[in-house]
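Data from structure-v5.pdb: PDB, C-alpha atoms and all ligand atoms
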```pdb
ATOM      1  CA  MET T   1      20.349   7.461  56.396
ATOM      2  CA  THR T   2      22.433   4.476  55.351
ATOM      3  CA  ASP T   3      22.023   2.752  52.050
ATOM      4  CA  SER T   4      20.086  -0.054  53.647
ATOM      5  CA  ASP T   5      17.505   2.442  54.943
ATOM      6  CA  THR T   6      16.958   3.971  51.535
ATOM      7  CA  PRO T   7      13.575   2.849  50.250
ATOM      8  CA  THR T   8      13.567   1.326  46.805
ATOM      9  CA  PRO T   9      11.474   3.252  44.282
ATOM     10  CA  SER T  10       8.860   0.516  44.131
ATOM     11  CA  GLU T  11       8.236   0.767  47.860
ATOM     12  CA  HIS T  12       7.318   4.423  47.607
ATOM     13  CA  SER T  13       5.709   4.595  44.214
ATOM     14  CA  ILE T  14       2.063   5.306  43.568
ATOM     15  CA  SER T  15       0.483   4.003  40.398
ATOM     16  CA  VAL T  16      -2.912   4.265  38.723
ATOM     17  CA  CYS T  17      -4.631   0.873  38.373
ATOM     18  CA  PRO T  18      -5.606  -0.269  34.854
ATOM     19  CA  TRP T  19      -9.291  -0.315  35.849
ATOM     20  CA  ARG T  20     -11.498   0.976  38.658
ATOM     21  CA  GLY T  21     -11.029  -0.940  41.892
ATOM     22  CA  ASP T  22      -8.044  -2.745  40.314
ATOM     23  CA  LYS T  23     -10.518  -5.099  38.629
ATOM     24  CA  ARG T  24      -8.859  -7.565  36.293
ATOM     25  CA  TRP T  25     -11.230  -7.195  33.355
ATOM     26  CA  VAL T  26     -14.342  -5.317  32.289
ATOM     27  CA  TYR T  27     -17.675  -6.301  30.749
ATOM     28  CA  SER T  28     -20.248  -4.105  28.993
ATOM     29  CA  ILE T  29     -23.243  -5.120  26.866
ATOM     30  CA  THR T  30     -24.937  -2.997  24.201
ATOM     31  CA  PHE T  31     -28.380  -3.292  22.594
ATOM     32  CA  ASP T  32     -28.663  -1.660  19.173
ATOM     33  CA  GLU T  33     -31.957   0.057  18.228
ATOM     34  CA  ALA T  34     -33.097   0.454  21.883
ATOM     35  CA  LEU T  35     -36.333  -1.515  21.354
ATOM     36  CA  SER T  36     -39.129  -1.484  23.926
ATOM     37  CA  ASP T  37     -39.303  -5.294  23.764
ATOM     38  CA  LEU T  38     -36.029  -5.402  25.718
ATOM     39  CA  HIS T  39     -38.405  -5.302  28.700
ATOM     40  CA  ARG T  40     -39.639  -8.801  27.843
ATOM     41  CA  PHE T  41     -36.364 -10.677  28.491
ATOM     42  CA  ALA T  42     -33.137  -8.654  28.374
ATOM     43  CA  ILE T  43     -33.847  -6.044  31.052
ATOM     44  CA  PRO T  44     -35.127  -8.578  33.647
ATOM     45  CA  ILE T  45     -32.209 -10.977  32.980
ATOM     46  CA  LEU T  46     -29.588  -8.238  33.358
ATOM     47  CA  ALA T  47     -31.316  -6.922  36.495
ATOM     48  CA  GLU T  48     -31.274 -10.423  38.014
ATOM     49  CA  TYR T  49     -27.488 -10.635  37.609
ATOM     50  CA  GLY T  50     -26.740  -6.982  38.440
ATOM     51  CA  VAL T  51     -25.337  -6.179  35.003
ATOM     52  CA  PRO T  52     -26.046  -2.717  33.514
ATOM     53  CA  GLY T  53     -26.774  -2.460  29.789
ATOM     54  CA  HIS T  54     -26.323   0.195  27.124
ATOM     55  CA  LEU T  55     -28.908   1.385  24.560
ATOM     56  CA  GLU T  56     -27.952   2.490  21.023
ATOM     57  CA  VAL T  57     -30.678   4.843  19.812
ATOM     58  CA  VAL T  58     -31.714   5.736  16.249
ATOM     59  CA  VAL T  59     -32.478   9.316  17.217
ATOM     60  CA  GLY T  60     -34.700  10.243  14.262
ATOM     61  CA  GLN T  61     -37.182   7.537  15.320
ATOM     62  CA  ILE T  62     -37.314   7.835  19.129
ATOM     63  CA  GLY T  63     -40.595   6.387  20.401
ATOM     64  CA  GLU T  64     -41.674   5.353  16.903
ATOM     65  CA  VAL T  65     -42.226   2.042  15.154
ATOM     66  CA  ARG T  66     -38.961   1.230  13.408
ATOM     67  CA  ARG T  67     -38.755   1.712   9.639
ATOM     68  CA  VAL T  68     -35.143   1.424   8.488
ATOM     69  CA  GLY T  69     -34.515   0.012   5.005
ATOM     70  CA  SER T  70     -35.219  -3.733   5.074
ATOM     71  CA  SER T  71     -34.215  -4.165   8.743
ATOM     72  CA  SER T  72     -35.237  -7.399  10.496
ATOM     73  CA  TYR T  73     -36.474  -5.182  13.329
ATOM     74  CA  ASN T  74     -38.889  -3.054  11.302
ATOM     75  CA  GLY T  75     -42.315  -3.001  12.940
ATOM     76  CA  MET T  76     -40.901  -3.145  16.487
ATOM     77  CA  LYS T  77     -41.220  -0.056  18.688
ATOM     78  CA  GLN T  78     -38.195   1.980  19.679
ATOM     79  CA  MET T  79     -38.055   3.341  23.218
ATOM     80  CA  SER T  80     -39.528   6.786  23.889
ATOM     81  CA  ALA T  81     -37.782   9.597  25.773
ATOM     82  CA  ALA T  82     -39.599   8.562  28.962
ATOM     83  CA  GLU T  83     -38.461   4.936  28.514
ATOM     84  CA  LEU T  84     -34.867   6.049  27.907
ATOM     85  CA  ARG T  85     -34.908   8.161  31.069
ATOM     86  CA  GLU T  86     -36.279   5.243  33.049
ATOM     87  CA  MET T  87     -33.368   3.064  31.863
ATOM     88  CA  VAL T  88     -30.868   5.812  32.736
ATOM     89  CA  ALA T  89     -32.374   5.864  36.241
ATOM     90  CA  ARG T  90     -31.704   2.094  36.406
ATOM     91  CA  GLY T  91     -28.019   2.700  35.689
ATOM     92  CA  TRP T  92     -28.016   1.928  31.972
ATOM     93  CA  GLY T  93     -26.117   4.079  29.461
ATOM     94  CA  VAL T  94     -27.288   5.590  26.165
ATOM     95  CA  GLY T  95     -25.415   6.064  22.897
ATOM     96  CA  ASN T  96     -26.181   7.669  19.538
ATOM     97  CA  HIS T  97     -26.810   5.060  16.825
ATOM     98  CA  SER T  98     -27.061   7.938  14.271
ATOM     99  CA  TRP T  99     -30.094   9.980  13.239
ATOM    100  CA  SER T 100     -31.292   7.868  10.302
ATOM    101  CA  HIS T 101     -29.314   4.580  10.466
ATOM    102  CA  GLY T 102     -28.003   5.612   7.034
ATOM    103  CA  ALA T 103     -24.574   6.753   5.874
ATOM    104  CA  VAL T 104     -22.468   8.628   8.426
ATOM    105  CA  ASN T 105     -19.615  10.596   6.875
ATOM    106  CA  ALA T 106     -18.222  14.117   6.503
ATOM    107  CA  ASP T 107     -21.283  15.163   4.457
ATOM    108  CA  THR T 108     -23.898  13.890   6.918
ATOM    109  CA  ALA T 109     -22.080  14.427  10.230
ATOM    110  CA  ASP T 110     -24.014  17.586  11.141
ATOM    111  CA  LEU T 111     -27.284  15.637  11.183
ATOM    112  CA  GLU T 112     -26.182  12.097  12.093
ATOM    113  CA  LEU T 113     -23.734  13.123  14.849
ATOM    114  CA  GLY T 114     -24.429  16.774  15.702
ATOM    115  CA  LYS T 115     -28.204  17.194  15.713
ATOM    116  CA  ALA T 116     -28.638  13.577  16.850
ATOM    117  CA  LYS T 117     -26.453  14.247  19.912
ATOM    118  CA  ALA T 118     -28.404  17.363  20.916
ATOM    119  CA  VAL T 119     -31.833  15.721  20.481
ATOM    120  CA  LEU T 120     -30.772  12.532  22.282
ATOM    121  CA  GLU T 121     -29.316  14.507  25.206
ATOM    122  CA  GLU T 122     -32.665  16.257  25.598
ATOM    123  CA  ALA T 123     -34.542  12.925  25.392
ATOM    124  CA  ALA T 124     -32.307  10.924  27.742
ATOM    125  CA  GLY T 125     -31.687  13.841  30.103
ATOM    126  CA  GLN T 126     -27.919  13.469  30.148
ATOM    127  CA  PRO T 127     -24.828  14.163  28.014
ATOM    128  CA  ILE T 128     -24.216  11.695  25.174
ATOM    129  CA  THR T 129     -20.557  10.827  24.541
ATOM    130  CA  VAL T 130     -20.810   7.432  22.769
ATOM    131  CA  TYR T 131     -21.363   7.003  19.028
ATOM    132  CA  CYS T 132     -22.368   3.533  17.831
ATOM    133  CA  ALA T 133     -21.891   3.130  14.071
ATOM    134  CA  PRO T 134     -25.019   1.858  12.260
ATOM    135  CA  GLY T 135     -24.736  -0.889   9.653
ATOM    136  CA  SER T 136     -21.067  -1.782   9.552
ATOM    137  CA  ASN T 137     -17.593  -0.358  10.101
ATOM    138  CA  VAL T 138     -18.130   1.571   6.855
ATOM    139  CA  ASN T 139     -19.689   4.149   9.166
ATOM    140  CA  MET T 140     -16.468   4.302  11.175
ATOM    141  CA  ASN T 141     -14.837   6.132   8.236
ATOM    142  CA  GLU T 142     -12.472   9.088   8.745
ATOM    143  CA  GLY T 143     -15.189  11.659   8.079
ATOM    144  CA  ALA T 144     -17.459  10.053  10.683
ATOM    145  CA  LEU T 145     -14.671   9.852  13.271
ATOM    146  CA  ALA T 146     -13.622  13.458  12.577
ATOM    147  CA  GLY T 147     -17.259  14.402  13.195
ATOM    148  CA  CYS T 148     -17.162  12.483  16.482
ATOM    149  CA  ARG T 149     -14.178  14.547  17.612
ATOM    150  CA  ARG T 150     -15.773  17.798  16.463
ATOM    151  CA  PHE T 151     -19.037  17.152  18.336
ATOM    152  CA  GLY T 152     -17.345  15.992  21.551
ATOM    153  CA  TYR T 153     -17.851  12.239  21.491
ATOM    154  CA  LEU T 154     -15.341  10.277  23.562
ATOM    155  CA  GLY T 155     -15.954   6.825  22.100
ATOM    156  CA  ALA T 156     -17.026   5.383  18.743
ATOM    157  CA  MET T 157     -18.091   1.739  18.725
ATOM    158  CA  SER T 158     -17.458  -0.574  15.829
ATOM    159  CA  ILE T 159     -18.431  -4.175  15.263
ATOM    160  CA  THR T 160     -14.991  -5.726  15.546
ATOM    161  CA  ASP T 161     -14.587  -9.012  17.446
ATOM    162  CA  ALA T 162     -11.715  -7.895  19.665
ATOM    163  CA  LEU T 163     -10.952  -6.721  23.177
ATOM    164  CA  ASN T 164     -10.399  -3.152  24.291
ATOM    165  CA  ARG T 165      -7.380  -2.655  26.534
ATOM    166  CA  PRO T 166      -6.404  -0.130  29.234
ATOM    167  CA  ASP T 167      -3.526   1.233  27.135
ATOM    168  CA  ASP T 168      -5.094   1.320  23.660
ATOM    169  CA  GLU T 169      -3.503   4.024  21.513
ATOM    170  CA  ASP T 170      -6.782   5.258  20.062
ATOM    171  CA  LEU T 171      -9.362   5.803  22.798
ATOM    172  CA  LEU T 172     -12.038   6.877  20.297
ATOM    173  CA  TRP T 173     -12.254   3.534  18.446
ATOM    174  CA  MET T 174     -13.885   0.831  20.590
ATOM    175  CA  ASN T 175     -14.288  -2.812  19.564
ATOM    176  CA  ARG T 176     -17.518  -4.766  20.038
ATOM    177  CA  THR T 177     -17.927  -8.523  20.049
ATOM    178  CA  PHE T 178     -21.082 -10.109  18.615
ATOM    179  CA  LEU T 179     -23.449 -11.959  20.929
ATOM    180  CA  HIS T 180     -25.419 -13.774  18.278
ATOM    181  CA  HIS T 181     -26.874 -17.222  17.670
ATOM    182  CA  GLN T 182     -24.418 -17.440  14.788
ATOM    183  CA  GLY T 183     -21.707 -15.069  13.555
ATOM    184  CA  TYR T 184     -21.690 -13.617  10.049
ATOM    185  CA  GLY T 185     -20.089 -15.541   7.177
ATOM    186  CA  PRO T 186     -17.688 -16.838   6.095
ATOM    187  CA  PHE T 187     -17.019 -18.348   9.528
ATOM    188  CA  PHE T 188     -20.597 -18.601  10.869
ATOM    189  CA  SER T 189     -19.126 -18.771  14.383
ATOM    190  CA  GLU T 190     -21.357 -20.667  16.777
ATOM    191  CA  PHE T 191     -22.750 -19.048  19.919
ATOM    192  CA  ASP T 192     -20.076 -19.122  22.609
ATOM    193  CA  PRO T 193     -20.965 -17.998  26.154
ATOM    194  CA  TYR T 194     -17.227 -17.843  26.939
ATOM    195  CA  ARG T 195     -16.278 -15.677  23.959
ATOM    196  CA  ASN T 196     -13.157 -13.561  24.751
ATOM    197  CA  ILE T 197     -13.421 -14.021  28.526
ATOM    198  CA  ARG T 198     -10.164 -15.943  29.026
ATOM    199  CA  HIS T 199      -8.387 -13.476  26.767
ATOM    200  CA  ALA T 200      -9.797 -10.539  28.733
ATOM    201  CA  GLN T 201      -8.672 -12.121  32.009
ATOM    202  CA  ARG T 202      -5.121 -12.467  30.705
ATOM    203  CA  ASP T 203      -4.835  -9.059  29.017
ATOM    204  CA  GLN T 204      -6.873  -6.930  31.452
ATOM    205  CA  GLY T 205      -9.286  -6.563  28.561
ATOM    206  CA  TRP T 206     -12.647  -4.889  28.234
ATOM    207  CA  ILE T 207     -15.355  -6.865  26.414
ATOM    208  CA  ILE T 208     -18.242  -4.979  24.826
ATOM    209  CA  ASP T 209     -20.977  -7.341  23.636
ATOM    210  CA  TYR T 210     -23.334  -6.373  20.826
ATOM    211  CA  LEU T 211     -26.831  -7.662  20.086
ATOM    212  CA  HIS T 212     -30.299  -6.258  19.439
ATOM    213  CA  CYS T 213     -33.336  -7.638  21.243
ATOM    214  CA  PRO T 214     -33.289 -11.277  22.402
ATOM    215  CA  LEU T 215     -36.688 -12.998  22.309
ATOM    216  CA  GLU T 216     -37.834 -16.653  22.527
ATOM    217  CA  VAL T 217     -35.965 -17.291  19.268
ATOM    218  CA  PRO T 218     -33.416 -14.932  17.662
ATOM    219  CA  VAL T 219     -35.068 -12.377  15.363
ATOM    220  CA  HIS T 220     -32.151 -12.983  12.963
ATOM    221  CA  PRO T 221     -29.469 -15.644  13.658
ATOM    222  CA  ASN T 222     -26.623 -13.323  12.557
ATOM    223  CA  LYS T 223     -27.922 -10.280  14.459
ATOM    224  CA  ASP T 224     -29.144 -11.641  17.758
ATOM    225  CA  CYS T 225     -29.222 -14.469  20.268
ATOM    226  CA  SER T 226     -32.217 -15.921  22.080
ATOM    227  CA  ALA T 227     -33.249 -14.974  25.613
ATOM    228  CA  ASP T 228     -31.899 -18.339  26.850
ATOM    229  CA  GLN T 229     -28.535 -17.668  25.183
ATOM    230  CA  LEU T 230     -28.392 -14.178  26.716
ATOM    231  CA  ARG T 231     -29.011 -15.680  30.152
ATOM    232  CA  GLU T 232     -26.238 -18.231  29.546
ATOM    233  CA  ARG T 233     -23.783 -15.501  28.500
ATOM    234  CA  ILE T 234     -24.563 -13.232  31.458
ATOM    235  CA  ALA T 235     -24.440 -16.148  33.934
ATOM    236  CA  THR T 236     -21.050 -17.152  32.479
ATOM    237  CA  VAL T 237     -19.641 -13.603  32.706
ATOM    238  CA  VAL T 238     -20.728 -13.302  36.333
ATOM    239  CA  ALA T 239     -19.519 -16.800  37.300
ATOM    240  CA  GLU T 240     -16.160 -16.516  35.533
ATOM    241  CA  GLY T 241     -15.666 -12.907  36.607
ATOM    242  CA  GLY T 242     -16.595 -13.096  40.277
ATOM    243  CA  ASP T 243     -15.010 -10.191  42.121
ATOM    244  CA  ASP T 244     -12.466  -9.712  39.312
ATOM    245  CA  VAL T 245     -14.823  -8.282  36.692
ATOM    246  CA  TRP T 246     -16.040  -4.680  36.513
ATOM    247  CA  LEU T 247     -19.618  -4.743  35.213
ATOM    248  CA  ALA T 248     -20.239  -1.301  33.766
ATOM    249  CA  PRO T 249     -22.153   0.609  31.112
ATOM    250  CA  VAL T 250     -19.837   1.775  28.321
ATOM    251  CA  GLU T 251     -19.279   5.313  29.667
ATOM    252  CA  ALA T 252     -17.597   4.325  32.946
ATOM    253  CA  PRO T 253     -14.598   2.362  31.579
ATOM    254  CA  MET T 254     -14.397   4.805  28.669
ATOM    255  CA  ASP T 255     -14.092   7.760  31.088
ATOM    256  CA  TYR T 256     -11.662   5.772  33.233
ATOM    257  CA  ARG T 257      -9.281   5.225  30.304
ATOM    258  CA  TYR T 258      -9.241   8.953  29.520
ATOM    259  CA  THR T 259      -8.696   9.963  33.138
ATOM    260  CA  ARG T 260      -5.960   7.375  33.655
ATOM    261  CA  ARG T 261      -4.234   8.471  30.447
ATOM    262  CA  HIS T 262      -4.217  12.114  31.644
ATOM    263  CA  THR T 263      -3.192  11.435  35.249
ATOM    264  CA  ARG T 264       0.150  12.901  36.306
ATOM    265  CA  ILE T 265       1.798  12.157  39.658
ATOM    266  CA  THR T 266       4.487  14.554  40.847
ATOM    267  CA  THR T 267       6.531  14.203  44.020
ATOM    268  CA  GLU T 268       6.280  17.284  46.224
ATOM    269  CA  GLY T 269       8.172  16.132  49.308
ATOM    270  CA  PRO T 270       8.783  13.099  51.504
ATOM    271  CA  ASP T 271       5.757  10.838  50.931
ATOM    272  CA  ARG T 272       3.849  13.790  49.486
ATOM    273  CA  TYR T 273       2.484  13.887  45.947
ATOM    274  CA  ARG T 274       0.339  16.067  43.707
ATOM    275  CA  ILE T 275      -2.012  13.967  41.567
ATOM    276  CA  GLY T 276      -4.057  15.547  38.805
ATOM    277  CA  ALA T 277      -5.654  14.864  35.436
ATOM    278  CA  ALA T 278      -5.339  18.134  33.548
ATOM    279  CA  ASP T 279      -6.597  18.793  30.012
ATOM    280  CA  LEU T 280      -9.246  16.069  30.050
ATOM    281  CA  PRO T 281     -11.844  16.354  27.276
ATOM    282  CA  PRO T 282     -14.876  18.191  28.747
ATOM    283  CA  GLY T 283     -17.173  15.201  28.117
ATOM    284  CA  VAL T 284     -15.381  12.975  30.637
ATOM    285  CA  HIS T 285     -18.036  12.689  33.329
ATOM    286  CA  SER T 286     -16.475  10.337  35.883
ATOM    287  CA  ARG T 287     -12.934  11.401  36.798
ATOM    288  CA  THR T 288     -12.282   8.935  39.596
ATOM    289  CA  VAL T 289      -9.226   6.694  39.380
ATOM    290  CA  THR T 290      -8.041   3.936  41.678
ATOM    291  CA  ILE T 291      -4.481   4.349  42.891
ATOM    292  CA  SER T 292      -2.252   1.621  44.273
ATOM    293  CA  LEU T 293      -0.324   2.717  47.370
ATOM    294  CA  PRO T 294       2.993   1.487  48.736
ATOM    295  CA  PRO T 295       2.423  -1.588  50.933
ATOM    296  CA  SER T 296       4.057   0.202  53.874
ATOM    297  CA  THR T 297       1.349   2.883  53.912
ATOM    298  CA  ARG T 298      -0.178   3.250  57.381
ATOM    299  CA  ALA T 299      -2.586   6.071  56.602
ATOM    300  CA  LEU T 300      -3.569   8.252  53.672
ATOM    301  CA  GLU T 301      -4.412  11.949  53.691
ATOM    302  CA  VAL T 302      -5.869  13.765  50.710
ATOM    303  CA  ASP T 303      -5.972  17.567  50.785
ATOM    304  CA  GLY T 304      -5.182  17.430  54.497
ATOM    305  CA  ARG T 305      -7.975  15.069  55.480
ATOM    306  CA  PRO T 306      -7.974  11.299  56.183
ATOM    307  CA  HIS T 307      -8.962   9.317  53.067
ATOM    308  CA  ALA T 308     -10.401   5.786  52.868
ATOM    309  CA  THR T 309      -8.238   2.912  51.630
ATOM    310  CA  TYR T 310      -9.114  -0.722  50.895
ATOM    311  CA  ARG T 311      -7.324  -3.940  50.038
ATOM    312  CA  ARG T 312      -7.725  -6.086  46.914
ATOM    313  CA  ASN T 313      -5.370  -8.525  45.205
ATOM    314  CA  GLY T 314      -2.941  -8.011  48.093
ATOM    315  CA  LYS T 315      -2.655  -4.318  47.224
ATOM    316  CA  LEU T 316      -3.594  -1.246  49.205
ATOM    317  CA  LEU T 317      -5.912   0.904  47.074
ATOM    318  CA  ALA T 318      -7.733   4.212  47.203
ATOM    319  CA  ASP T 319     -10.260   5.883  44.894
ATOM    320  CA  LEU T 320      -9.468   9.481  44.016
ATOM    321  CA  ASP T 321     -11.762  11.941  42.251
ATOM    322  CA  LEU T 322      -9.517  14.005  39.981
ATOM    323  CA  ALA T 323     -12.120  16.618  39.012
ATOM    324  CA  SER T 324      -9.505  18.869  40.582
ATOM    325  CA  SER T 325      -5.887  18.008  41.411
ATOM    326  CA  ARG T 326      -5.274  16.487  44.840
ATOM    327  CA  GLU T 327      -2.546  16.752  47.439
ATOM    328  CA  VAL T 328      -1.745  13.218  48.633
ATOM    329  CA  GLN T 329       0.217  12.512  51.799
ATOM    330  CA  ILE T 330       1.242   8.981  52.679
ATOM    331  CA  ALA T 331       2.088   8.128  56.269
ATOM    332  CA  PRO T 332       4.405   5.113  55.997
ATOM    333  CA  ALA T 333       4.531   2.531  58.742
TER     334      ALA T 333
HETATM  335 ZN    ZN T 401     -28.436  -0.790  13.956
END
```
The structure given in the file should be rewritten as structure tokens.
Ligand SMILES: [Zn+2]
Amino acid sequence: MTDSDTPTPSEHSISVCPWRGDKRWVYSITFDEALSDLHRFAIPILAEYGVPGHLEVVVGQIGEVRRVGSSSYNGMKQMSAAELREMVARGWGVGNHSWSHGAVNADTADLELGKAKAVLEEAAGQPITVYCAPGSNVNMNEGALAGCRRFGYLGAMSITDALNRPDDEDLLWMNRTFLHHQGYGPFFSEFDPYRNIRHAQRDQGWIIDYLHCPLEVPVHPNKDCSADQLRERIATVVAEGGDDVWLAPVEAPMDYRYTRRHTRITTEGPDRYRIGAADLPPGVHSRTVTISLPPSTRALEVDGRPHATYRRNGKLLADLDLASSREVQIAPA
């Protein structure tokens, strides 16, 4: 082989895409308190646009009329176990919004994070790996986050108006942007259907929106938007995102970041690789990553069998389930 025949490393390298399907950015939307009145506007609007949602459940009051301090949402009914399961069947996700909506810290973690997780898993019929802090980021304190690690949560959601990124250092802490008629003081930010979208497009960001239960008018201007504003936001996400946005409940991009972080690619021979994601936390449910293949690839074999590829953004891609490590053989042109 002469020098000119030697492939450059980039020609023969395999890489893991920042997001599933090599999507450019990601959008999730979360509804705190998991109220039954979501059926009036939010659930039909999201269904119309094909966007899955995520429910944050106060576990000590599943199926009951809400009674939390002086909450604006007291008197509204929280979804029952049957309602939660129905939403799971529709592709929505479910997170723990604590047992009592009170203080979550080292002293209360057994109840607010531990017992709440077990009871919610029984109610929703699936593992719960997302914690959504009640109240404010005060409940994202070190004791609460240590409890999250101890009880096997993979993500803890704050209310911080910022993007999440594929390479964030701390995968447990997840930012959420408000989707409200008006932001909290001192800025009182006005409703913006484009909030963070351009930024997410540039930085391969993941937006997680946060609201409660949009009705004809916002229940509270600093805690919610109206149904019309929700429709405007969702229509904007879908129009601006097109084929470049991954619309997903919180768990899917969360699992993807863990799996991508743990993925190791080792060269085993000419055009042959071993790809695996060892030592993943047990709670990671979806272990599929999208790999980008050298452009010269003519065919792909995984564990000795032909494997589907597809093209996006001018790249040749393949989805690989790394529940166990895979033997990947590339047949170059
Ligand atoms: Zn809440």
Would you give the centre and edge lengths, in Å to one decimal, of a box along x, y and z around the listed atoms of region 39-52 of chain T, with 6 Å added to each side, as lines of an AutoDock Vina configuration file?
```
center_x = -32.5
center_y = -6.8
center_z = 33.1
size_x = 26.3
size_y = 20.3
size_z = 22.6
```
I would like the residues chosen by the PyMOL selection byres (((chain T and resi 320) around 9) and not hetatm) on the shown file; could you give them as a short mmCIF file (atom, residue, chain, number, x, y, z; two decimals) with C-alpha atoms, keeping the file's coordinate frame?
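What follows is the written file part_9.cif:
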```cif
data_model
loop_
_atom_site.label_atom_id
_atom_site.label_comp_id
_atom_site.auth_asym_id
_atom_site.auth_seq_id
_atom_site.Cartn_x
_atom_site.Cartn_y
_atom_site.Cartn_z
CA ARG T 287 -12.93 11.40 36.80
CA THR T 288 -12.28 8.94 39.60
CA VAL T 289 -9.23 6.69 39.38
CA THR T 290 -8.04 3.94 41.68
CA ILE T 291 -4.48 4.35 42.89
CA VAL T 302 -5.87 13.76 50.71
CA ALA T 318 -7.73 4.21 47.20
CA ASP T 319 -10.26 5.88 44.89
CA ASP T 321 -11.76 11.94 42.25
CA LEU T 322 -9.52 14.00 39.98
CA ARG T 326 -5.27 16.49 44.84
#
```
Have a look at T:Val65, T:Ile234, T:Leu145, T:Leu163 and name the one nearest to Glu48 (chain T); count all atoms listed in the file. T:Ile234
Excluding same-chain residues fewer than 5 positions from region 82-89 of chain T, what lies within 10 Å of it counting all atoms listed in the file, as a ChimeraX atom specification? /T:34-36,43,52-55,57,62-63,94,120,123-126
Would you kindly identify which residues have an atom no farther than 7 Å from (-1.6, 15.5, 40.1), using all atoms listed in the file and the file's own coordinates, and write them out as a PDB file with C-alpha atoms, in the coordinates of the input?
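Done, and the output landed in out.pdb:
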```pdb
ATOM      1  CA  THR T 263      -3.192  11.435  35.249  1.00  0.00           C
ATOM      2  CA  ARG T 264       0.150  12.901  36.306  1.00  0.00           C
ATOM      3  CA  ILE T 265       1.798  12.157  39.658  1.00  0.00           C
ATOM      4  CA  THR T 266       4.487  14.554  40.847  1.00  0.00           C
ATOM      5  CA  ARG T 274       0.339  16.067  43.707  1.00  0.00           C
ATOM      6  CA  ILE T 275      -2.012  13.967  41.567  1.00  0.00           C
ATOM      7  CA  GLY T 276      -4.057  15.547  38.805  1.00  0.00           C
ATOM      8  CA  ALA T 277      -5.654  14.864  35.436  1.00  0.00           C
ATOM      9  CA  SER T 325      -5.887  18.008  41.411  1.00  0.00           C
ATOM     10  CA  ARG T 326      -5.274  16.487  44.840  1.00  0.00           C
TER      11      ARG T 326
END
```
Closest contacts (chain T/ligand ZN 401 (chain T), max 6 Å, only C-alpha atoms and all ligand atoms) as a Markdown table:
```
| residue | atom | partner | partner_atom | distance |
| --- | --- | --- | --- | --- |
| T:Asp32 | CA | T:ZN401 | ZN | 5.3 |
| T:Glu33 | CA | T:ZN401 | ZN | 5.6 |
| T:Pro134 | CA | T:ZN401 | ZN | 4.6 |
| T:Gly135 | CA | T:ZN401 | ZN | 5.7 |
```
Hey, can you check how far CA of Arg257 (chain T) sits from CA of Ala323 (chain T)? 14.6 Å
